[in-house]
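The next block is work_0.pdb, given as PDB, C-alpha atoms.
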```pdb
ATOM      1  CA  MET A1359      96.380 108.224 261.213
ATOM      2  CA  SER A1360      94.448 109.083 264.385
ATOM      3  CA  GLN A1361      93.890 112.713 265.367
ATOM      4  CA  LEU A1362      96.340 112.338 268.273
ATOM      5  CA  GLU A1363      99.019 110.896 265.994
ATOM      6  CA  TYR A1364      98.422 113.760 263.567
ATOM      7  CA  ILE A1365      98.802 116.337 266.330
ATOM      8  CA  LYS A1366     101.968 114.728 267.698
ATOM      9  CA  ASN A1367     103.510 114.666 264.210
ATOM     10  CA  GLU A1368     102.567 118.280 263.571
ATOM     11  CA  ASN A1369     103.986 119.341 266.936
ATOM     12  CA  LYS A1370     107.268 117.564 266.134
ATOM     13  CA  LYS A1371     107.568 119.681 262.987
ATOM     14  CA  HIS A1372     106.626 122.798 264.982
ATOM     15  CA  SER A1373     109.249 122.226 267.669
ATOM     16  CA  GLU A1374     111.986 121.602 265.092
ATOM     17  CA  ILE A1375     111.681 125.145 263.768
ATOM     18  CA  PHE A1376     110.691 126.766 267.104
ATOM     19  CA  LYS A1377     112.767 129.842 267.980
ATOM     20  CA  ASP A1378     110.755 131.770 270.602
ATOM     21  CA  GLY A1379     111.686 129.922 273.778
ATOM     22  CA  ASN A1380     112.741 132.945 275.808
ATOM     23  CA  LEU A1381     109.653 135.146 275.846
ATOM     24  CA  PRO A1382     108.426 136.715 279.105
ATOM     25  CA  LEU A1383     105.128 135.569 280.615
ATOM     26  CA  PRO A1384     103.208 138.906 280.464
ATOM     27  CA  PRO A1385     101.701 139.652 277.015
ATOM     28  CA  SER A1386     103.884 142.264 275.286
ATOM     29  CA  ARG A1387     101.009 144.162 273.654
ATOM     30  CA  LYS A1388      99.093 144.202 276.969
ATOM     31  CA  ILE A1389      96.013 142.900 275.145
ATOM     32  CA  ALA A1390      93.490 140.280 276.250
ATOM     33  CA  VAL A1391      91.122 138.977 273.570
ATOM     34  CA  LEU A1392      87.769 137.353 274.377
ATOM     35  CA  ALA A1393      86.599 135.451 271.296
ATOM     36  CA  CYS A1394      84.221 132.746 270.153
ATOM     37  CA  MET A1395      85.580 129.180 269.922
ATOM     38  CA  ASP A1396      84.585 128.858 266.231
ATOM     39  CA  ALA A1397      86.942 126.708 264.148
ATOM     40  CA  ARG A1398      87.095 129.270 261.329
ATOM     41  CA  LEU A1399      88.272 132.082 263.592
ATOM     42  CA  LEU A1400      92.060 131.831 263.905
ATOM     43  CA  VAL A1401      92.326 134.691 266.369
ATOM     44  CA  ASP A1402      96.079 135.263 266.117
ATOM     45  CA  GLN A1403      96.056 135.374 262.320
ATOM     46  CA  VAL A1404      92.894 137.452 262.057
ATOM     47  CA  LEU A1405      94.224 140.162 264.400
ATOM     48  CA  GLY A1406      97.908 139.879 263.440
ATOM     49  CA  LEU A1407      98.896 138.847 266.975
ATOM     50  CA  LYS A1408     102.206 137.053 267.295
ATOM     51  CA  ILE A1409     103.590 134.729 269.940
ATOM     52  CA  GLY A1410     103.800 136.381 273.359
ATOM     53  CA  GLU A1411     101.679 139.381 272.458
ATOM     54  CA  ALA A1412      98.188 138.731 273.875
ATOM     55  CA  HIS A1413      96.099 136.512 276.118
ATOM     56  CA  ILE A1414      93.399 134.696 274.198
ATOM     57  CA  ILE A1415      90.259 133.652 276.087
ATOM     58  CA  ARG A1416      87.658 131.719 274.098
ATOM     59  CA  ASN A1417      84.293 130.080 274.670
ATOM     60  CA  ALA A1418      81.062 129.391 272.808
ATOM     61  CA  GLY A1419      79.833 132.825 271.720
ATOM     62  CA  GLY A1420      82.694 134.899 273.123
ATOM     63  CA  ILE A1421      80.610 135.531 276.229
ATOM     64  CA  ALA A1422      81.896 137.480 279.252
ATOM     65  CA  THR A1423      80.835 134.695 281.615
ATOM     66  CA  ASP A1424      82.044 134.543 285.220
ATOM     67  CA  ASP A1425      84.841 132.302 283.950
ATOM     68  CA  ALA A1426      85.924 134.761 281.261
ATOM     69  CA  ILE A1427      85.831 137.555 283.873
ATOM     70  CA  ARG A1428      87.987 135.370 286.175
ATOM     71  CA  SER A1429      90.518 134.981 283.348
ATOM     72  CA  LEU A1430      90.415 138.703 282.533
ATOM     73  CA  ILE A1431      91.056 139.629 286.182
ATOM     74  CA  ILE A1432      94.109 137.316 286.292
ATOM     75  CA  SER A1433      95.275 138.701 282.941
ATOM     76  CA  HIS A1434      94.930 142.300 284.075
ATOM     77  CA  GLU A1435      95.889 142.118 287.735
ATOM     78  CA  LEU A1436      98.762 139.633 287.593
ATOM     79  CA  LEU A1437     100.003 139.999 284.029
ATOM     80  CA  GLY A1438      99.392 143.658 283.250
ATOM     81  CA  THR A1439      96.999 143.639 280.286
ATOM     82  CA  LYS A1440      95.271 146.981 279.754
ATOM     83  CA  GLU A1441      93.061 146.556 276.683
ATOM     84  CA  ILE A1442      90.293 144.022 276.077
ATOM     85  CA  ILE A1443      89.028 143.087 272.622
ATOM     86  CA  VAL A1444      85.815 141.075 272.174
ATOM     87  CA  VAL A1445      85.554 139.164 268.881
ATOM     88  CA  ASN A1446      82.405 137.503 267.568
ATOM     89  CA  HIS A1447      81.823 136.410 263.969
ATOM     90  CA  THR A1448      79.248 135.969 261.214
ATOM     91  CA  ASN A1449      77.489 132.596 260.693
ATOM     92  CA  CYS A1450      77.736 131.775 264.420
ATOM     93  CA  SER A1451      76.016 128.625 265.681
ATOM     94  CA  MET A1452      74.898 130.517 268.794
ATOM     95  CA  VAL A1453      72.105 132.198 266.801
ATOM     96  CA  THR A1454      70.803 128.861 265.451
ATOM     97  CA  PHE A1455      69.184 127.598 268.656
ATOM     98  CA  LYS A1456      67.566 128.716 271.887
ATOM     99  CA  ASP A1457      68.750 127.654 275.328
ATOM    100  CA  GLU A1458      65.433 125.913 276.055
ATOM    101  CA  ASP A1459      65.690 123.817 272.872
ATOM    102  CA  LEU A1460      69.183 122.547 273.670
ATOM    103  CA  GLN A1461      68.248 121.938 277.308
ATOM    104  CA  LYS A1462      65.282 119.843 276.136
ATOM    105  CA  ILE A1463      67.296 117.829 273.567
ATOM    106  CA  ILE A1464      70.028 116.974 276.066
ATOM    107  CA  SER A1465      67.706 116.351 279.014
ATOM    108  CA  GLU A1466      65.759 113.816 276.959
ATOM    109  CA  LYS A1467      68.820 112.210 275.353
ATOM    110  CA  TYR A1468      70.624 111.633 278.648
ATOM    111  CA  ASN A1469      67.562 111.358 280.871
ATOM    112  CA  ASN A1470      69.176 114.002 283.061
ATOM    113  CA  ASP A1471      67.921 117.477 283.848
ATOM    114  CA  THR A1472      69.933 120.281 282.177
ATOM    115  CA  THR A1473      67.613 123.186 282.849
ATOM    116  CA  ASN A1474      70.241 124.673 285.165
ATOM    117  CA  ILE A1475      72.749 124.985 282.301
ATOM    118  CA  ARG A1476      72.607 128.385 280.645
ATOM    119  CA  PHE A1477      74.014 128.031 277.126
ATOM    120  CA  HIS A1478      74.059 131.784 276.292
ATOM    121  CA  ALA A1479      72.479 131.423 272.837
ATOM    122  CA  PHE A1480      71.687 134.835 271.329
ATOM    123  CA  GLU A1481      69.730 136.354 268.445
ATOM    124  CA  SER A1482      72.008 139.146 267.215
ATOM    125  CA  VAL A1483      75.806 138.970 266.969
ATOM    126  CA  GLU A1484      76.086 142.751 267.125
ATOM    127  CA  ASP A1485      73.916 142.983 270.243
ATOM    128  CA  ASN A1486      75.871 140.138 271.793
ATOM    129  CA  VAL A1487      79.180 141.972 271.323
ATOM    130  CA  LYS A1488      77.664 145.153 272.791
ATOM    131  CA  ASN A1489      76.316 143.227 275.786
ATOM    132  CA  GLN A1490      79.696 141.670 276.532
ATOM    133  CA  ILE A1491      81.461 145.048 276.331
ATOM    134  CA  LYS A1492      78.866 146.563 278.652
ATOM    135  CA  HIS A1493      79.233 143.735 281.143
ATOM    136  CA  ILE A1494      83.058 143.870 281.148
ATOM    137  CA  ARG A1495      82.932 147.630 281.715
ATOM    138  CA  SER A1496      80.667 147.084 284.728
ATOM    139  CA  VAL A1497      83.100 144.799 286.575
ATOM    140  CA  PRO A1498      84.715 146.834 289.378
ATOM    141  CA  PHE A1499      87.897 144.720 289.308
ATOM    142  CA  LEU A1500      88.451 145.667 285.653
ATOM    143  CA  SER A1501      87.859 149.400 286.112
ATOM    144  CA  GLU A1502      91.506 150.250 285.339
ATOM    145  CA  ILE A1503      91.313 148.630 281.893
ATOM    146  CA  ILE A1504      91.846 151.514 279.459
ATOM    147  CA  SER A1505      89.738 150.250 276.557
ATOM    148  CA  VAL A1506      87.167 147.560 275.806
ATOM    149  CA  SER A1507      86.449 147.189 272.085
ATOM    150  CA  GLY A1508      84.373 144.784 270.036
ATOM    151  CA  PHE A1509      84.602 143.390 266.523
ATOM    152  CA  ILE A1510      82.640 141.076 264.255
ATOM    153  CA  TYR A1511      84.767 138.829 262.057
ATOM    154  CA  ASP A1512      83.307 137.968 258.670
ATOM    155  CA  VAL A1513      84.101 134.279 258.093
ATOM    156  CA  SER A1514      83.479 134.668 254.355
ATOM    157  CA  THR A1515      85.815 137.622 253.714
ATOM    158  CA  GLY A1516      88.353 137.538 256.580
ATOM    159  CA  ASN A1517      87.490 141.153 257.520
ATOM    160  CA  ILE A1518      86.776 142.503 260.989
ATOM    161  CA  THR A1519      84.265 145.316 261.554
ATOM    162  CA  GLN A1520      84.283 147.329 264.773
ATOM    163  CA  VAL A1521      81.053 147.404 266.767
ATOM    164  CA  SER A1522      80.369 150.841 268.194
TER     165      SER A1522
ATOM    166  CA  MET B 439     100.157 153.510 266.440
ATOM    167  CA  SER B 440      97.538 152.373 268.968
ATOM    168  CA  GLN B 441      96.881 148.673 269.493
ATOM    169  CA  LEU B 442      93.499 148.994 267.766
ATOM    170  CA  GLU B 443      95.050 150.695 264.747
ATOM    171  CA  TYR B 444      97.682 147.951 264.638
ATOM    172  CA  ILE B 445      95.026 145.232 264.704
ATOM    173  CA  LYS B 446      92.931 146.908 262.017
ATOM    174  CA  ASN B 447      95.988 147.249 259.762
ATOM    175  CA  GLU B 448      96.984 143.638 260.328
ATOM    176  CA  ASN B 449      93.454 142.444 259.616
ATOM    177  CA  LYS B 450      93.419 144.411 256.356
ATOM    178  CA  LYS B 451      96.526 142.506 255.250
ATOM    179  CA  HIS B 452      94.932 139.236 256.426
ATOM    180  CA  SER B 453      91.712 139.771 254.489
ATOM    181  CA  GLU B 454      93.576 140.676 251.291
ATOM    182  CA  ILE B 455      95.107 137.191 251.095
ATOM    183  CA  PHE B 456      92.160 135.349 252.689
ATOM    184  CA  LYS B 457      90.997 132.314 250.683
ATOM    185  CA  ASP B 458      88.974 130.149 253.094
ATOM    186  CA  GLY B 459      85.585 131.854 252.982
ATOM    187  CA  ASN B 460      83.524 128.766 252.212
ATOM    188  CA  LEU B 461      84.269 126.419 255.098
ATOM    189  CA  PRO B 462      81.439 124.625 256.915
ATOM    190  CA  LEU B 463      80.631 125.522 260.520
ATOM    191  CA  PRO B 464      81.374 122.104 262.152
ATOM    192  CA  PRO B 465      85.088 121.489 262.830
ATOM    193  CA  SER B 466      86.424 119.096 260.172
ATOM    194  CA  ARG B 467      88.723 117.159 262.501
ATOM    195  CA  LYS B 468      85.909 116.840 265.090
ATOM    196  CA  ILE B 469      88.314 118.097 267.773
ATOM    197  CA  ALA B 470      87.668 120.527 270.636
ATOM    198  CA  VAL B 471      90.736 121.867 272.426
ATOM    199  CA  LEU B 472      90.608 123.285 275.967
ATOM    200  CA  ALA B 473      93.782 125.304 276.560
ATOM    201  CA  CYS B 474      95.288 127.961 278.783
ATOM    202  CA  MET B 475      95.054 131.599 277.626
ATOM    203  CA  ASP B 476      98.849 132.082 277.811
ATOM    204  CA  ALA B 477     100.265 134.452 275.188
ATOM    205  CA  ARG B 478     103.107 132.090 274.282
ATOM    206  CA  LEU B 479     100.765 129.210 273.453
ATOM    207  CA  LEU B 480      99.627 129.608 269.847
ATOM    208  CA  VAL B 481      97.291 126.627 269.955
ATOM    209  CA  ASP B 482      96.740 126.250 266.209
ATOM    210  CA  GLN B 483     100.448 126.352 265.390
ATOM    211  CA  VAL B 484     101.497 124.147 268.302
ATOM    212  CA  LEU B 485      99.038 121.375 267.359
ATOM    213  CA  GLY B 486      99.161 121.883 263.585
ATOM    214  CA  LEU B 487      95.452 122.745 263.439
ATOM    215  CA  LYS B 488      94.324 124.678 260.385
ATOM    216  CA  ILE B 489      91.336 126.896 259.742
ATOM    217  CA  GLY B 490      88.027 125.070 260.180
ATOM    218  CA  GLU B 491      89.522 122.024 261.878
ATOM    219  CA  ALA B 492      88.885 122.428 265.630
ATOM    220  CA  HIS B 493      87.048 124.414 268.277
ATOM    221  CA  ILE B 494      89.432 126.215 270.601
ATOM    222  CA  ILE B 495      88.229 126.989 274.133
ATOM    223  CA  ARG B 496      90.641 128.915 276.355
ATOM    224  CA  ASN B 497      90.748 130.366 279.848
ATOM    225  CA  ALA B 498      93.241 131.008 282.646
ATOM    226  CA  GLY B 499      94.724 127.582 283.398
ATOM    227  CA  GLY B 500      92.840 125.571 280.791
ATOM    228  CA  ILE B 501      90.290 124.668 283.457
ATOM    229  CA  ALA B 502      87.149 122.616 282.745
ATOM    230  CA  THR B 503      84.951 125.189 284.441
ATOM    231  CA  ASP B 504      81.171 125.185 284.051
ATOM    232  CA  ASP B 505      81.694 127.634 281.178
ATOM    233  CA  ALA B 506      84.194 125.376 279.410
ATOM    234  CA  ILE B 507      81.798 122.445 279.899
ATOM    235  CA  ARG B 508      78.977 124.583 278.427
ATOM    236  CA  SER B 509      81.151 125.253 275.376
ATOM    237  CA  LEU B 510      82.142 121.586 275.076
ATOM    238  CA  ILE B 511      78.497 120.485 275.183
ATOM    239  CA  ILE B 512      77.603 122.925 272.382
ATOM    240  CA  SER B 513      80.684 121.797 270.436
ATOM    241  CA  HIS B 514      79.819 118.118 270.791
ATOM    242  CA  GLU B 515      76.032 118.129 270.671
ATOM    243  CA  LEU B 516      75.424 120.753 267.990
ATOM    244  CA  LEU B 517      78.641 120.649 265.978
ATOM    245  CA  GLY B 518      79.701 117.031 266.198
ATOM    246  CA  THR B 519      83.119 117.110 267.883
ATOM    247  CA  LYS B 520      84.165 113.707 269.246
ATOM    248  CA  GLU B 521      87.619 114.213 270.771
ATOM    249  CA  ILE B 522      88.711 116.648 273.484
ATOM    250  CA  ILE B 523      92.309 117.721 274.017
ATOM    251  CA  VAL B 524      93.357 119.605 277.174
ATOM    252  CA  VAL B 525      96.531 121.690 276.829
ATOM    253  CA  ASN B 526      98.442 123.273 279.713
ATOM    254  CA  HIS B 527     102.017 124.560 279.557
ATOM    255  CA  THR B 528     105.248 125.035 281.499
ATOM    256  CA  ASN B 529     105.981 128.332 283.295
ATOM    257  CA  CYS B 530     102.258 128.957 283.917
ATOM    258  CA  SER B 531     101.251 131.947 286.046
ATOM    259  CA  MET B 532      98.554 129.824 287.708
ATOM    260  CA  VAL B 533     101.187 128.120 289.899
ATOM    261  CA  THR B 534     102.629 131.470 291.066
ATOM    262  CA  PHE B 535      99.811 132.471 293.415
ATOM    263  CA  LYS B 536      97.069 131.087 295.629
ATOM    264  CA  ASP B 537      93.406 131.996 295.281
ATOM    265  CA  GLU B 538      93.333 133.527 298.774
ATOM    266  CA  ASP B 539      96.289 135.816 297.961
ATOM    267  CA  LEU B 540      94.691 137.200 294.816
ATOM    268  CA  GLN B 541      91.315 137.556 296.538
ATOM    269  CA  LYS B 542      93.013 139.579 299.298
ATOM    270  CA  ILE B 543      94.981 141.833 296.904
ATOM    271  CA  ILE B 544      91.907 142.664 294.836
ATOM    272  CA  SER B 545      89.506 143.002 297.751
ATOM    273  CA  GLU B 546      91.818 145.562 299.361
ATOM    274  CA  LYS B 547      92.636 147.396 296.126
ATOM    275  CA  TYR B 548      89.004 147.875 295.113
ATOM    276  CA  ASN B 549      87.501 147.863 298.596
ATOM    277  CA  ASN B 550      85.136 145.169 297.351
ATOM    278  CA  ASP B 551      84.798 141.596 298.523
ATOM    279  CA  THR B 552      86.130 138.998 296.051
ATOM    280  CA  THR B 553      86.121 135.961 298.293
ATOM    281  CA  ASN B 554      83.353 134.457 296.150
ATOM    282  CA  ILE B 555      85.603 134.442 293.056
ATOM    283  CA  ARG B 556      87.410 131.148 292.630
ATOM    284  CA  PHE B 557      90.514 131.775 290.524
ATOM    285  CA  HIS B 558      91.496 128.086 290.071
ATOM    286  CA  ALA B 559      95.191 128.564 290.879
ATOM    287  CA  PHE B 560      96.993 125.205 291.129
ATOM    288  CA  GLU B 561     100.307 123.768 292.308
ATOM    289  CA  SER B 562     101.124 121.168 289.655
ATOM    290  CA  VAL B 563     100.532 121.535 285.917
ATOM    291  CA  GLU B 564     100.505 117.763 285.454
ATOM    292  CA  ASP B 565      97.939 117.248 288.235
ATOM    293  CA  ASN B 566      95.867 120.091 286.839
ATOM    294  CA  VAL B 567      95.686 118.448 283.408
ATOM    295  CA  LYS B 568      94.740 115.121 285.003
ATOM    296  CA  ASN B 569      92.024 116.793 287.090
ATOM    297  CA  GLN B 570      90.479 118.471 284.044
ATOM    298  CA  ILE B 571      90.454 115.195 282.075
ATOM    299  CA  LYS B 572      88.838 113.428 285.031
ATOM    300  CA  HIS B 573      86.195 116.131 285.365
ATOM    301  CA  ILE B 574      85.353 116.172 281.640
ATOM    302  CA  ARG B 575      85.004 112.381 281.663
ATOM    303  CA  SER B 576      82.542 112.638 284.558
ATOM    304  CA  VAL B 577      80.104 114.925 282.722
ATOM    305  CA  PRO B 578      77.115 112.803 281.636
ATOM    306  CA  PHE B 579      76.377 115.073 278.644
ATOM    307  CA  LEU B 580      79.866 114.364 277.255
ATOM    308  CA  SER B 581      79.724 110.593 277.709
ATOM    309  CA  GLU B 582      79.702 109.956 273.939
ATOM    310  CA  ILE B 583      83.036 111.765 273.468
ATOM    311  CA  ILE B 584      85.421 109.050 272.250
ATOM    312  CA  SER B 585      88.652 110.377 273.753
ATOM    313  CA  VAL B 586      89.827 112.986 276.260
ATOM    314  CA  SER B 587      93.597 113.539 276.175
ATOM    315  CA  GLY B 588      95.932 115.956 277.899
ATOM    316  CA  PHE B 589      99.246 117.567 276.992
ATOM    317  CA  ILE B 590     101.776 119.922 278.547
ATOM    318  CA  TYR B 591     103.348 122.394 276.127
ATOM    319  CA  ASP B 592     106.933 123.374 276.877
ATOM    320  CA  VAL B 593     107.144 127.118 276.193
ATOM    321  CA  SER B 594     110.950 126.933 275.962
ATOM    322  CA  THR B 595     111.185 124.124 273.369
ATOM    323  CA  GLY B 596     107.845 124.159 271.529
ATOM    324  CA  ASN B 597     107.282 120.456 272.364
ATOM    325  CA  ILE B 598     104.111 118.882 273.729
ATOM    326  CA  THR B 599     104.248 115.923 276.128
ATOM    327  CA  GLN B 600     101.188 113.740 276.681
ATOM    328  CA  VAL B 601      99.954 113.386 280.251
ATOM    329  CA  SER B 602      98.910 109.838 281.010
TER     330      SER B 602
END
```
Would you mind giving the structure from this file in structure tokens?
Amino acid sequence: MSQLEYIKNENKKHSEIFKDGNLPLPPSRKIAVLACMDARLLVDQVLGLKIGEAHIIRNAGGIATDDAIRSLIISHELLGTKEIIVVNHTNCSMVTFKDEDLQKIISEKYNNDTTNIRFHAFESVEDNVKNQIKHIRSVPFLSEIISVSGFIYDVSTGNITQVS
Amino acid sequence: MSQLEYIKNENKKHSEIFKDGNLPLPPSRKIAVLACMDARLLVDQVLGLKIGEAHIIRNAGGIATDDAIRSLIISHELLGTKEIIVVNHTNCSMVTFKDEDLQKIISEKYNNDTTNIRFHAFESVEDNVKNQIKHIRSVPFLSEIISVSGFIYDVSTGNITQVS
């Protein structure tokens, strides 16, 4: 079975037991999560968030890029979220390379310059979480957010640890 | 109970029954999903994706921004994903405003110019999915991706419909 066939079959099963078709658009817990895209980090399950409760924004490294900030502004300004939670995790691929290395590999492979692509690789997960919190707190359009917290998820134990 | 206390309690329960601590870093289904951040779209459940199976990238509108492309390149080049699935949904807040309106509201509220922030509001969910697929397919560094598909999730029924 192809991946698309698998997904369509799984969605058929999902829709047959689906019961939450009348939820409002704004997240009921007024939370926006910014997390890494890692396949082992099932954000909803890890944080106990249920359908309709939180916006989930994800990218490689859980970085507060301009795009994540764009999403957070929409989340906050139009949909009323008030708390932001940054989630990174142990064993992250973002600590396994440097931007220059990946730029070089891809530039050579595709014979196309990638030195303008910043990949946001980092050395320390804890420092990365702290940097994202600091950056989010510095955005004037998010100044009414009441809390910005950060956690590291341990992919081997399922535990989160708050970064302070 | 505060939201953070709630999340910590929920995570404690999660970690007590956690059994998947030995999964490899690369996604086993070699899938990367690009989806909207909407709180009613539980991507894993909707597509039947389990822990360790797929990268999940999310932002407001499920837009293939430079940041999403950055994440997709890392996903594909370093972690071996081969198929990309774009997921948008019905009743999306991104069709309820125009970029200029939100720029004006925020600029006035914070007395700070936001006209350089592109929010990526759109008029048609179907066209938006098509545009993201088209853009992803045009990225030279993703030319070895074997398929880029798009779906619209119906938040009232739980069904996905493929966009072709």
Original post:
On this structure, which residues satisfy the PyMOL selection byres ((chain B and resi 492-504) around 6), written as a PyMOL selection string?
Top reply: (chain A and resi 1395-1397+1415-1417+1429) or (chain B and resi 465+469-475+491+505-507+570)
Subject >> atom CA of Leu540 of chain B to atom CA of Val1497 of chain A, straight-line distance in Å >> reply: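 These atoms are spaced 16.1 Å apart.
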Original post:
Expanded to explicit residues, what is the PyMOL selection byres ((chain B and resi 551) around 12) for this file, as an MDAnalysis selection string?
Top reply: (chainID A and resid 1498:1499) or (chainID B and resid 538 540:550 552:555)
**OP:** Would you work out the distance separating atom CA of Gly1516 of chain A from atom CA of Lys457 of chain B, expressed in Å to one decimal?
**Re:**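 Interatomic distance here is 8.3 Å.
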Subject >> 10 Å contact set for His1434 of chain A, all atoms listed in the file, chain neighbours under 3 positions out, as a PyMOL selection string >> reply: chain A and resi 1384+1388-1390+1413+1429-1431+1437-1442+1499-1500+1502-1503
**OP:** Grab the atom CA of Phe560 of chain B to atom CA of Asn1367 of chain A distance for me, in Å with one decimal place.
**Re:**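 Those two atoms sit 29.6 Å apart.
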Subject >> Hits from the PyMOL selection byres ((chain B and resi 564) around 12), listed as a PyMOL selection string >> reply: chain B and resi 499-500+524-528+530+533+560-563+565-571+588-591+599-602
**OP:** Rank A:Ile1494, A:Leu1362, A:Val1513, A:Ile1432 by their smallest atom-to-atom distance to His558 of chain B, using only C-alpha atoms, and report the top residue only.
**Re:** A:Ile1432
Around segment 590-599 of chain B, fit a box with edges along x, y and z, padding it by 6 Å on each side, then list its centre and edge lengths in Å to one decimal as AutoDock Vina command-line options.
```
--center_x 106.5 --center_y 121.5 --center_z 275.0 --size_x 21.4 --size_y 23.2 --size_z 19.0
```
